[in-house]
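Novice: PDB, C-alpha atoms, saved as model_19.pdb, coming up:
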```pdb
ATOM      1  CA  MET G 207     -15.224  -4.486  17.386
ATOM      2  CA  GLY G 208     -13.782  -1.120  16.418
ATOM      3  CA  GLY G 209     -11.017  -1.623  18.950
ATOM      4  CA  LEU G 210     -10.011  -4.871  17.273
ATOM      5  CA  SER G 211      -9.809  -3.064  13.934
ATOM      6  CA  ALA G 212      -7.389  -0.583  15.489
ATOM      7  CA  LEU G 213      -5.205  -3.445  16.736
ATOM      8  CA  LEU G 214      -5.179  -4.983  13.258
ATOM      9  CA  ARG G 215      -4.140  -1.654  11.766
ATOM     10  CA  GLY G 216      -1.354  -1.372  14.351
ATOM     11  CA  VAL G 217       0.024  -4.778  13.409
ATOM     12  CA  ARG G 218       3.629  -5.974  13.282
ATOM     13  CA  TYR G 219       4.681  -8.884  11.048
ATOM     14  CA  GLU G 220       7.424 -11.139  12.348
ATOM     15  CA  VAL G 221       9.422 -12.729   9.532
ATOM     16  CA  LEU G 222      12.386 -15.080   9.319
ATOM     17  CA  PRO G 223      15.467 -13.974   7.323
ATOM     18  CA  ALA G 224      15.199 -16.647   4.634
ATOM     19  CA  ARG G 225      16.245 -16.330   0.993
ATOM     20  CA  ALA G 226      12.801 -15.314  -0.317
ATOM     21  CA  THR G 227      11.721 -13.117   2.596
ATOM     22  CA  GLU G 228      12.673  -9.771   1.066
ATOM     23  CA  ASP G 229      10.719 -10.444  -2.127
ATOM     24  CA  LYS G 230       7.682 -11.643  -0.143
ATOM     25  CA  VAL G 231       7.655  -8.527   2.013
ATOM     26  CA  LEU G 232       8.006  -6.223  -0.997
ATOM     27  CA  ALA G 233       5.205  -8.007  -2.822
ATOM     28  CA  HIS G 234       2.665  -8.216  -0.029
ATOM     29  CA  VAL G 235       3.363  -5.948   2.956
ATOM     30  CA  PRO G 236       2.236  -2.300   2.925
ATOM     31  CA  ARG G 237       4.880   0.232   3.960
ATOM     32  CA  ASP G 238       2.838   1.251   7.022
ATOM     33  CA  VAL G 239       3.127  -2.243   8.522
ATOM     34  CA  VAL G 240       6.095  -2.729  10.859
ATOM     35  CA  VAL G 241       8.264  -5.724   9.973
ATOM     36  CA  THR G 242      10.273  -7.500  12.663
ATOM     37  CA  VAL G 243      13.122  -9.817  11.693
ATOM     38  CA  THR G 244      13.991 -12.822  13.841
ATOM     39  CA  ALA G 245      17.484 -14.087  14.609
ATOM     40  CA  SER G 246      18.576 -17.713  14.428
ATOM     41  CA  PRO G 247      20.753 -19.494  17.013
ATOM     42  CA  VAL G 248      22.109 -21.546  14.113
ATOM     43  CA  LYS G 249      22.821 -18.794  11.577
ATOM     44  CA  GLY G 250      23.610 -15.985  13.997
ATOM     45  CA  LEU G 251      22.851 -12.289  13.690
ATOM     46  CA  GLU G 252      24.305 -11.599  10.237
ATOM     47  CA  PRO G 253      21.223 -12.628   8.175
ATOM     48  CA  THR G 254      19.033 -10.544  10.492
ATOM     49  CA  LEU G 255      21.188  -7.443  10.176
ATOM     50  CA  ALA G 256      21.496  -7.784   6.400
ATOM     51  CA  LEU G 257      17.747  -8.222   5.792
ATOM     52  CA  THR G 258      16.952  -5.403   8.216
ATOM     53  CA  ALA G 259      19.177  -3.002   6.280
ATOM     54  CA  ARG G 260      17.682  -4.010   2.917
ATOM     55  CA  LEU G 261      14.071  -3.673   4.088
ATOM     56  CA  ALA G 262      14.813  -0.337   5.754
ATOM     57  CA  ALA G 263      16.291   0.878   2.458
ATOM     58  CA  HIS G 264      12.970  -0.027   0.808
ATOM     59  CA  GLY G 265      11.165   2.304   3.205
ATOM     60  CA  TYR G 266       9.902  -0.139   5.826
ATOM     61  CA  ARG G 267      10.062   0.458   9.535
ATOM     62  CA  VAL G 268      12.065  -2.607  10.552
ATOM     63  CA  VAL G 269      12.640  -4.014  14.026
ATOM     64  CA  PRO G 270      15.521  -6.493  14.227
ATOM     65  CA  HIS G 271      15.646  -9.105  16.971
ATOM     66  CA  VAL G 272      18.935  -8.825  18.873
ATOM     67  CA  PRO G 273      18.998 -11.825  21.233
ATOM     68  CA  ALA G 274      21.364 -11.404  24.163
ATOM     69  CA  ARG G 275      22.724 -14.932  23.840
ATOM     70  CA  LEU G 276      23.902 -14.297  20.254
ATOM     71  CA  LEU G 277      26.142 -11.393  21.279
ATOM     72  CA  ARG G 278      29.789 -12.195  21.921
ATOM     73  CA  ASP G 279      30.652  -9.179  24.075
ATOM     74  CA  ASP G 280      30.223  -5.418  24.470
ATOM     75  CA  THR G 281      32.288  -4.757  21.355
ATOM     76  CA  HIS G 282      30.037  -6.990  19.265
ATOM     77  CA  LEU G 283      26.979  -5.202  20.643
ATOM     78  CA  LYS G 284      28.513  -1.821  19.786
ATOM     79  CA  ASP G 285      29.181  -3.020  16.226
ATOM     80  CA  VAL G 286      25.567  -4.209  15.911
ATOM     81  CA  VAL G 287      24.306  -0.856  17.197
ATOM     82  CA  ASP G 288      26.463   1.034  14.707
ATOM     83  CA  ARG G 289      25.242  -1.064  11.766
ATOM     84  CA  LEU G 290      21.606  -0.663  12.731
ATOM     85  CA  ARG G 291      21.865   3.074  13.297
ATOM     86  CA  GLU G 292      23.594   3.438   9.923
ATOM     87  CA  ALA G 293      20.609   1.631   8.369
ATOM     88  CA  GLY G 294      18.233   4.105  10.024
ATOM     89  CA  VAL G 295      16.853   1.644  12.575
ATOM     90  CA  ASP G 296      15.396   3.253  15.709
ATOM     91  CA  ASP G 297      13.608   0.240  17.232
ATOM     92  CA  VAL G 298      15.049  -3.091  18.411
ATOM     93  CA  PHE G 299      13.617  -6.144  20.142
ATOM     94  CA  VAL G 300      15.924  -7.655  22.781
ATOM     95  CA  PRO G 301      14.975 -11.153  23.956
ATOM     96  CA  ALA G 302      17.284 -13.454  25.857
ATOM     97  CA  GLY G 303      17.313 -15.860  22.893
ATOM     98  CA  ASP G 304      17.669 -19.611  22.651
ATOM     99  CA  ALA G 305      21.374 -20.049  21.855
ATOM    100  CA  ASP G 306      22.740 -22.775  24.124
ATOM    101  CA  PRO G 307      25.451 -22.215  25.059
ATOM    102  CA  PRO G 308      25.476 -18.430  24.660
ATOM    103  CA  ALA G 309      27.893 -16.949  22.149
ATOM    104  CA  GLY G 310      29.481 -14.845  24.887
ATOM    105  CA  ALA G 311      28.974 -13.289  28.296
ATOM    106  CA  TYR G 312      25.319 -12.306  27.981
ATOM    107  CA  GLU G 313      22.952 -14.866  29.557
ATOM    108  CA  GLY G 314      19.835 -12.692  29.412
ATOM    109  CA  ALA G 315      18.398  -9.454  28.100
ATOM    110  CA  LEU G 316      18.856  -7.192  31.144
ATOM    111  CA  PRO G 317      22.674  -6.810  30.862
ATOM    112  CA  VAL G 318      22.267  -5.966  27.156
ATOM    113  CA  LEU G 319      19.639  -3.359  27.985
ATOM    114  CA  ARG G 320      21.940  -1.828  30.592
ATOM    115  CA  THR G 321      24.818  -1.740  28.109
ATOM    116  CA  LEU G 322      22.591  -0.006  25.564
ATOM    117  CA  ALA G 323      21.733   2.580  28.201
ATOM    118  CA  GLY G 324      25.462   3.053  28.780
ATOM    119  CA  LEU G 325      25.872   3.683  25.049
ATOM    120  CA  GLY G 326      23.454   6.581  25.325
ATOM    121  CA  SER G 327      20.234   4.695  24.557
ATOM    122  CA  PRO G 328      20.822   4.707  20.786
ATOM    123  CA  PHE G 329      17.312   3.435  19.909
ATOM    124  CA  ALA G 330      14.113   5.369  20.485
ATOM    125  CA  ARG G 331      12.158   2.153  21.050
ATOM    126  CA  VAL G 332      13.285  -1.061  22.739
ATOM    127  CA  GLY G 333      11.078  -4.139  23.097
ATOM    128  CA  ILE G 334      11.287  -6.948  25.643
ATOM    129  CA  THR G 335       9.541 -10.317  25.883
ATOM    130  CA  GLY G 336       6.451 -11.302  27.867
ATOM    131  CA  TYR G 337       5.203 -14.863  28.445
ATOM    132  CA  PRO G 338       1.408 -15.291  28.707
ATOM    133  CA  GLU G 339       1.832 -19.078  28.662
ATOM    134  CA  SER G 340       4.400 -20.729  30.888
ATOM    135  CA  HIS G 341       8.037 -20.446  29.921
ATOM    136  CA  PRO G 342       9.525 -23.953  29.838
ATOM    137  CA  LEU G 343      12.410 -22.981  32.134
ATOM    138  CA  LEU G 344      11.026 -20.190  34.304
ATOM    139  CA  HIS G 345       8.208 -19.795  36.836
ATOM    140  CA  ASP G 346       5.532 -17.322  35.701
ATOM    141  CA  ASP G 347       6.207 -14.967  38.622
ATOM    142  CA  ILE G 348       9.859 -14.784  37.583
ATOM    143  CA  THR G 349       8.964 -13.758  34.027
ATOM    144  CA  VAL G 350       6.689 -10.984  35.315
ATOM    145  CA  GLN G 351       9.410  -9.878  37.755
ATOM    146  CA  ALA G 352      11.874  -9.825  34.853
ATOM    147  CA  MET G 353       9.621  -7.381  32.997
ATOM    148  CA  TRP G 354       9.592  -5.183  36.101
ATOM    149  CA  ASP G 355      13.396  -5.299  36.282
ATOM    150  CA  LYS G 356      13.738  -4.378  32.593
ATOM    151  CA  ARG G 357      10.972  -1.775  32.404
ATOM    152  CA  GLU G 358      13.224   1.275  32.889
ATOM    153  CA  HIS G 359      15.315   0.262  29.869
ATOM    154  CA  ALA G 360      12.439  -0.717  27.542
ATOM    155  CA  THR G 361       9.532   1.059  25.873
ATOM    156  CA  TYR G 362       7.206  -1.864  25.091
ATOM    157  CA  ILE G 363       6.560  -5.587  25.591
ATOM    158  CA  VAL G 364       5.996  -8.219  22.904
ATOM    159  CA  SER G 365       4.122 -11.224  24.254
ATOM    160  CA  ASN G 366       5.083 -14.689  23.151
ATOM    161  CA  LEU G 367       2.543 -16.859  21.363
ATOM    162  CA  CYS G 368      -0.679 -17.627  23.223
ATOM    163  CA  PHE G 369      -3.686 -19.620  21.995
ATOM    164  CA  ASP G 370      -5.969 -19.287  25.032
ATOM    165  CA  PRO G 371      -7.999 -16.060  25.337
ATOM    166  CA  ARG G 372      -8.546 -16.541  29.076
ATOM    167  CA  VAL G 373      -4.844 -17.089  29.750
ATOM    168  CA  LEU G 374      -4.002 -14.049  27.637
ATOM    169  CA  GLY G 375      -6.462 -11.798  29.442
ATOM    170  CA  ASP G 376      -5.351 -13.040  32.879
ATOM    171  CA  TRP G 377      -1.694 -12.455  32.003
ATOM    172  CA  ILE G 378      -2.295  -8.862  30.904
ATOM    173  CA  ALA G 379      -4.188  -8.226  34.154
ATOM    174  CA  ARG G 380      -1.340  -9.727  36.228
ATOM    175  CA  VAL G 381       1.246  -7.597  34.449
ATOM    176  CA  ARG G 382      -0.762  -4.457  35.152
ATOM    177  CA  ARG G 383      -1.315  -5.441  38.794
ATOM    178  CA  ARG G 384       2.471  -5.570  39.148
ATOM    179  CA  HIS G 385       2.551  -1.940  37.913
ATOM    180  CA  VAL G 386       4.330  -2.773  34.682
ATOM    181  CA  VAL G 387       2.825  -0.084  32.478
ATOM    182  CA  LEU G 388       4.702  -0.597  29.203
ATOM    183  CA  PRO G 389       2.386  -0.988  26.193
ATOM    184  CA  VAL G 390       1.972  -4.565  24.984
ATOM    185  CA  HIS G 391       2.068  -5.903  21.431
ATOM    186  CA  VAL G 392       0.170  -9.178  21.711
ATOM    187  CA  GLY G 393       1.830 -12.121  19.970
ATOM    188  CA  VAL G 394      -0.588 -14.093  17.795
ATOM    189  CA  ALA G 395       0.049 -16.864  15.270
ATOM    190  CA  GLY G 396      -1.007 -15.799  11.801
ATOM    191  CA  PRO G 397      -2.983 -18.110   9.523
ATOM    192  CA  VAL G 398      -0.827 -21.127   8.830
ATOM    193  CA  GLN G 399      -1.107 -24.600   7.358
ATOM    194  CA  ARG G 400       0.750 -27.382   9.107
ATOM    195  CA  ALA G 401       2.485 -28.647   5.963
ATOM    196  CA  LYS G 402       3.847 -25.178   5.192
ATOM    197  CA  LEU G 403       4.924 -24.681   8.776
ATOM    198  CA  LEU G 404       6.818 -27.967   8.775
ATOM    199  CA  SER G 405       8.458 -26.989   5.493
ATOM    200  CA  MET G 406       9.500 -23.642   6.961
ATOM    201  CA  ALA G 407      10.897 -25.327  10.074
ATOM    202  CA  ALA G 408      12.965 -27.656   7.919
ATOM    203  CA  LYS G 409      14.467 -24.709   6.024
ATOM    204  CA  ILE G 410      15.683 -23.064   9.229
ATOM    205  CA  GLY G 411      18.291 -25.768   9.681
ATOM    206  CA  VAL G 412      18.248 -29.324  10.954
ATOM    207  CA  GLY G 413      19.497 -28.619  14.455
ATOM    208  CA  GLU G 414      17.290 -25.617  15.014
ATOM    209  CA  SER G 415      14.267 -27.355  13.502
ATOM    210  CA  THR G 416      14.619 -30.142  16.042
ATOM    211  CA  ARG G 417      14.648 -27.637  18.903
ATOM    212  CA  PHE G 418      11.747 -25.721  17.365
ATOM    213  CA  LEU G 419       9.579 -28.825  17.017
ATOM    214  CA  THR G 420      10.505 -30.106  20.469
ATOM    215  CA  LYS G 421       9.786 -26.816  22.203
ATOM    216  CA  HIS G 422       6.564 -26.111  20.350
ATOM    217  CA  ALA G 423       4.937 -29.497  19.853
ATOM    218  CA  ALA G 424       1.659 -28.114  21.224
ATOM    219  CA  TRP G 425       1.580 -25.533  18.442
ATOM    220  CA  PHE G 426       1.634 -28.208  15.777
ATOM    221  CA  ARG G 427      -1.361 -29.990  17.273
ATOM    222  CA  ARG G 428      -3.335 -26.774  16.780
ATOM    223  CA  PHE G 429      -2.065 -26.329  13.223
ATOM    224  CA  ALA G 430      -2.970 -29.925  12.285
ATOM    225  CA  ALA G 431      -6.684 -29.168  11.911
ATOM    226  CA  PRO G 432      -8.149 -29.433   8.397
ATOM    227  CA  GLY G 433      -7.572 -26.148   6.581
ATOM    228  CA  GLY G 434      -4.852 -25.106   9.015
ATOM    229  CA  TYR G 435      -4.965 -22.565  11.831
ATOM    230  CA  SER G 436      -6.618 -19.146  11.857
ATOM    231  CA  PRO G 437      -6.464 -16.665  14.760
ATOM    232  CA  ASP G 438     -10.042 -15.396  14.254
ATOM    233  CA  ARG G 439     -11.526 -17.351  17.142
ATOM    234  CA  LEU G 440      -8.804 -16.315  19.581
ATOM    235  CA  LEU G 441      -9.113 -12.638  18.655
ATOM    236  CA  THR G 442     -12.909 -12.674  18.856
ATOM    237  CA  ARG G 443     -12.905 -14.274  22.294
ATOM    238  CA  ALA G 444     -10.059 -12.113  23.599
ATOM    239  CA  ALA G 445     -11.368  -8.855  22.086
ATOM    240  CA  GLY G 446     -12.747  -7.561  25.390
ATOM    241  CA  ALA G 447      -9.462  -8.031  27.230
ATOM    242  CA  LEU G 448      -7.363  -6.726  24.344
ATOM    243  CA  THR G 449      -9.389  -3.582  23.745
ATOM    244  CA  ASP G 450      -9.940  -2.587  27.398
ATOM    245  CA  PRO G 451      -8.112   0.750  27.771
ATOM    246  CA  SER G 452      -6.550  -0.400  31.045
ATOM    247  CA  ALA G 453      -4.831  -3.268  29.187
ATOM    248  CA  GLN G 454      -2.750  -0.780  27.163
ATOM    249  CA  VAL G 455      -2.481  -3.154  24.199
ATOM    250  CA  ALA G 456      -0.789  -1.238  21.401
ATOM    251  CA  GLY G 457      -1.365  -3.722  18.585
ATOM    252  CA  LEU G 458      -0.873  -7.275  17.390
ATOM    253  CA  HIS G 459       2.468  -8.935  16.748
ATOM    254  CA  LEU G 460       1.734 -11.570  14.110
ATOM    255  CA  PHE G 461       4.052 -14.544  13.802
ATOM    256  CA  THR G 462       3.828 -15.097  10.043
ATOM    257  CA  PHE G 463       6.124 -18.160   9.842
ATOM    258  CA  ASN G 464       7.006 -16.522   6.505
ATOM    259  CA  GLN G 465       3.504 -17.130   5.141
ATOM    260  CA  ILE G 466       3.470 -13.434   4.458
ATOM    261  CA  ALA G 467       1.002 -13.221   1.581
ATOM    262  CA  GLU G 468      -1.493 -15.407   3.452
ATOM    263  CA  THR G 469      -1.147 -13.302   6.594
ATOM    264  CA  GLU G 470      -1.769 -10.015   4.809
ATOM    265  CA  ARG G 471      -4.774 -11.451   2.924
ATOM    266  CA  TRP G 472      -6.227 -12.670   6.212
ATOM    267  CA  ARG G 473      -5.683  -9.284   7.888
ATOM    268  CA  ARG G 474      -7.338  -7.366   5.043
ATOM    269  CA  ALA G 475     -10.283  -9.754   4.966
ATOM    270  CA  LEU G 476     -10.838  -9.481   8.711
ATOM    271  CA  LEU G 477     -10.593  -5.689   8.582
ATOM    272  CA  ASP G 478     -13.204  -5.691   5.830
ATOM    273  CA  ARG G 479     -15.528  -7.885   7.912
ATOM    274  CA  LEU G 480     -15.063  -5.608  10.921
ATOM    275  CA  GLY G 481     -15.733  -2.553   8.808
ATOM    276  CA  GLY G 482     -12.234  -1.282   9.552
TER
END
```
Let me see the file written as structure tokens.

Specialist:
Amino acid sequence: MGGLSALLRGVRYEVLPARATEDKVLAHVPRDVVVTVTASPVKGLEPTLALTARLAAHGYRVVPHVPARLLRDDTHLKDVVDRLREAGVDDVFVPAGDADPPAGAYEGALPVLRTLAGLGSPFARVGITGYPESHPLLHDDITVQAMWDKREHATYIVSNLCFDPRVLGDWIARVRRRHVVLPVHVGVAGPVQRAKLLSMAAKIGVGESTRFLTKHAAWFRRFAAPGGYSPDRLLTRAAGALTDPSAQVAGLHLFTFNQIAETERWRRALLDRLGG
């Protein structure tokens, strides 16, 4: 399980830009752990940019989410780039995003990636999304094709949440068969209790919480078990697929749902058990 230890050491923590997030990160996240900051269709990009700058000033390597559908136009994108570069950010994650309708002309990530290239590729690393489990609006072959289309503008893939080790392994194999060779950061839900997750969802905002719960009802069934959810079983069963050199899995992308202290305690405990 040495390979799994390496993935746990190469972890990224996804956090939401809530009021207490900065203090939680400072209290519990080591400086060698990458922190990614989500963006809200309800609150827009400003909270993401502000938290990113503050965490970067504290010495963290921070990866802001810059969803295409939250950008008004090329000028807005250029302003976002300038702010992030001023904060020392060299890595961004560019999903399409969930804003409906979009804030401007960008419907998906590819036009944003092309515009960034036209600006001289201002970030050393650029992440795009992968979907091991079916996207609610897109056929699986389309999502894999989209990764192919975006590969020349990106440096890595972050997979969306997956709870099935077989599905995860099959998806990685399909991506590689399509000759998409970008390294993958595998998206995994961190340890979470259903009551805390519901509380977090409520704090995001009423409208967004409704969309979140509607889109991810299956997640909550998993989190409803006594004691909450832990990713140990998934990681143990998927370890072979994740640590196969041909899979090119660079690390784990942990969705913390802002249960940051619990996530770091879980990671340290599992590393200790693995001897890592």

Novice: Out of G:Gly314, G:Gly216, G:Gly393, G:Pro308, which residue has the shortest atom-to-atom distance to Asp238 in chain G when counting all atoms listed in the file?

Specialist: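 Of G:Gly314, G:Gly216, G:Gly393, G:Pro308, the one nearest Asp238 in chain G, counting all atoms listed in the file, is G:Gly216.
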
Novice: Where does the PyMOL selection byres ((chain G and resi 281) around 12) land in this file, that is, which residues does it pick, as a list in words?

Specialist: Leu277, Arg278, Asp279, Asp280, His282, Leu283, Lys284, Asp285, Val286, Val287, Asp288, Gly310, Ala311, Val318, Thr321, Leu322 and Leu325 of chain G

Novice: Could I get the residues of range 457-481 of chain G with an atom no further than 6 Å from an atom of range 217-229 of chain G, each paired with its nearest atom pair and that distance in Å to one decimal, using only C-alpha atoms, sorted by chain and residue number, as CSV?

Specialist:
```
residue,atom,partner,partner_atom,distance
G:Gly457,CA,G:Val217,CA,5.5
G:Leu458,CA,G:Val217,CA,4.8
G:His459,CA,G:Arg218,CA,4.7
G:Leu460,CA,G:Tyr219,CA,5.0
G:Phe461,CA,G:Glu220,CA,5.0
G:Thr462,CA,G:Glu220,CA,5.8
G:Asn464,CA,G:Val221,CA,5.4
```

Novice: Mind giving me the straight-line distance from CA of Tyr312 in chain G to CA of Ala293 in chain G in Å, one decimal?

Specialist: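 According to the coordinates, CA of Tyr312 in chain G and CA of Ala293 in chain G are separated by 24.5 Å.
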
Novice: Quick check, in Å to one decimal: how far apart do CA of Tyr362 in chain G and CA of Pro389 in chain G lie?

Specialist: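 Result for CA of Tyr362 in chain G versus CA of Pro389 in chain G: 5.0 Å, one decimal.
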
Novice: Which neighbours of Pro253 in chain G fall inside 10 Å, counting all atoms listed in the file, when residues of the same chain fewer than 2 positions from it are skipped, and could you give them as a list in words?

Specialist: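 These residues fall inside the cut-off: Leu222, Pro223, Ala224, Arg225, Val243, Thr244, Ala245, Ser246, Lys249, Gly250, Leu251, Leu255, Ala256, Leu257 and Thr258 of chain G.
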
Novice: Given the choices G:Thr449, G:Ser211, G:Thr335, G:Thr361, which gets closest to Arg473 in chain G if the distance is worked out from all atoms listed in the file?

Specialist: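 Looking only at the distances to Arg473 in chain G, the closest residue turns out to be G:Ser211.
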
Novice: What's the separation between CA of Leu316 in chain G and CA of Pro301 in chain G, in Å to one decimal place?

Specialist: 9.1 Å

Novice: Can you pull out the residues contacting range 396-399 of chain G? Cut-off 7 Å, using all atoms listed in the file, and skip same-chain residues under 3 positions away; I want them as an MDAnalysis selection string.

Specialist: chainID G and resid 402:403 429 433:437 460:462 465 468:469

Novice: Expanded to explicit residues, what is the PyMOL selection byres ((chain G and resi 336) around 7) for this file, as a compact mmCIF listing (two decimals) with C-alpha atoms, in the coordinates of the input?

Specialist:
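As written to disk, out_34.txt reads:
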```
# COMPACT_ATOMS: atom_id res chain seq x y z
CA ILE G 334 11.29 -6.95 25.64
CA THR G 335 9.54 -10.32 25.88
CA TYR G 337 5.20 -14.86 28.44
CA PRO G 338 1.41 -15.29 28.71
CA ILE G 363 6.56 -5.59 25.59
CA VAL G 364 6.00 -8.22 22.90
CA SER G 365 4.12 -11.22 24.25
CA ASN G 366 5.08 -14.69 23.15
```

Novice: Report as a PDB file with C-alpha atoms, keeping the file's coordinate frame the residues that result from applying the PyMOL selection byres ((chain G and resi 268) around 10) to the structure here.

Specialist:
```pdb
ATOM      1  CA  ARG G 218       3.629  -5.974  13.282  1.00  0.00           C
ATOM      2  CA  TYR G 219       4.681  -8.884  11.048  1.00  0.00           C
ATOM      3  CA  GLU G 220       7.424 -11.139  12.348  1.00  0.00           C
ATOM      4  CA  VAL G 239       3.127  -2.243   8.522  1.00  0.00           C
ATOM      5  CA  VAL G 240       6.095  -2.729  10.859  1.00  0.00           C
ATOM      6  CA  VAL G 241       8.264  -5.724   9.973  1.00  0.00           C
ATOM      7  CA  THR G 242      10.273  -7.500  12.663  1.00  0.00           C
ATOM      8  CA  VAL G 243      13.122  -9.817  11.693  1.00  0.00           C
ATOM      9  CA  LEU G 257      17.747  -8.222   5.792  1.00  0.00           C
ATOM     10  CA  THR G 258      16.952  -5.403   8.216  1.00  0.00           C
ATOM     11  CA  ALA G 259      19.177  -3.002   6.280  1.00  0.00           C
ATOM     12  CA  ARG G 260      17.682  -4.010   2.917  1.00  0.00           C
ATOM     13  CA  LEU G 261      14.071  -3.673   4.088  1.00  0.00           C
ATOM     14  CA  ALA G 262      14.813  -0.337   5.754  1.00  0.00           C
ATOM     15  CA  ALA G 263      16.291   0.878   2.458  1.00  0.00           C
ATOM     16  CA  GLY G 265      11.165   2.304   3.205  1.00  0.00           C
ATOM     17  CA  TYR G 266       9.902  -0.139   5.826  1.00  0.00           C
ATOM     18  CA  ARG G 267      10.062   0.458   9.535  1.00  0.00           C
ATOM     19  CA  VAL G 269      12.640  -4.014  14.026  1.00  0.00           C
ATOM     20  CA  PRO G 270      15.521  -6.493  14.227  1.00  0.00           C
ATOM     21  CA  HIS G 271      15.646  -9.105  16.971  1.00  0.00           C
ATOM     22  CA  LEU G 290      21.606  -0.663  12.731  1.00  0.00           C
ATOM     23  CA  ALA G 293      20.609   1.631   8.369  1.00  0.00           C
ATOM     24  CA  GLY G 294      18.233   4.105  10.024  1.00  0.00           C
ATOM     25  CA  VAL G 295      16.853   1.644  12.575  1.00  0.00           C
ATOM     26  CA  ASP G 296      15.396   3.253  15.709  1.00  0.00           C
ATOM     27  CA  ASP G 297      13.608   0.240  17.232  1.00  0.00           C
ATOM     28  CA  VAL G 298      15.049  -3.091  18.411  1.00  0.00           C
TER      29      VAL G 298
END
```

Novice: Ranking G:Asp438, G:Asp304, G:Glu470, G:Glu292 by minimum distance to Pro247 in chain G and counting all atoms listed in the file, which one comes first?

Specialist: G:Asp304

Novice: With all atoms listed in the file as the atoms that count, which of G:Leu448, G:Val235, G:Ala456, G:Leu213 lies nearest to Asp376 in chain G?

Specialist: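 Ranked by minimum distance to Asp376 in chain G, first place goes to G:Leu448.
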
Novice: Can you pull out every residue within 7 Å of Ala302 in chain G, counting only C-alpha atoms, but drop anything in the same chain fewer than 3 positions away, and send it as a ChimeraX atom specification?

Specialist: /G:273-275,313-315
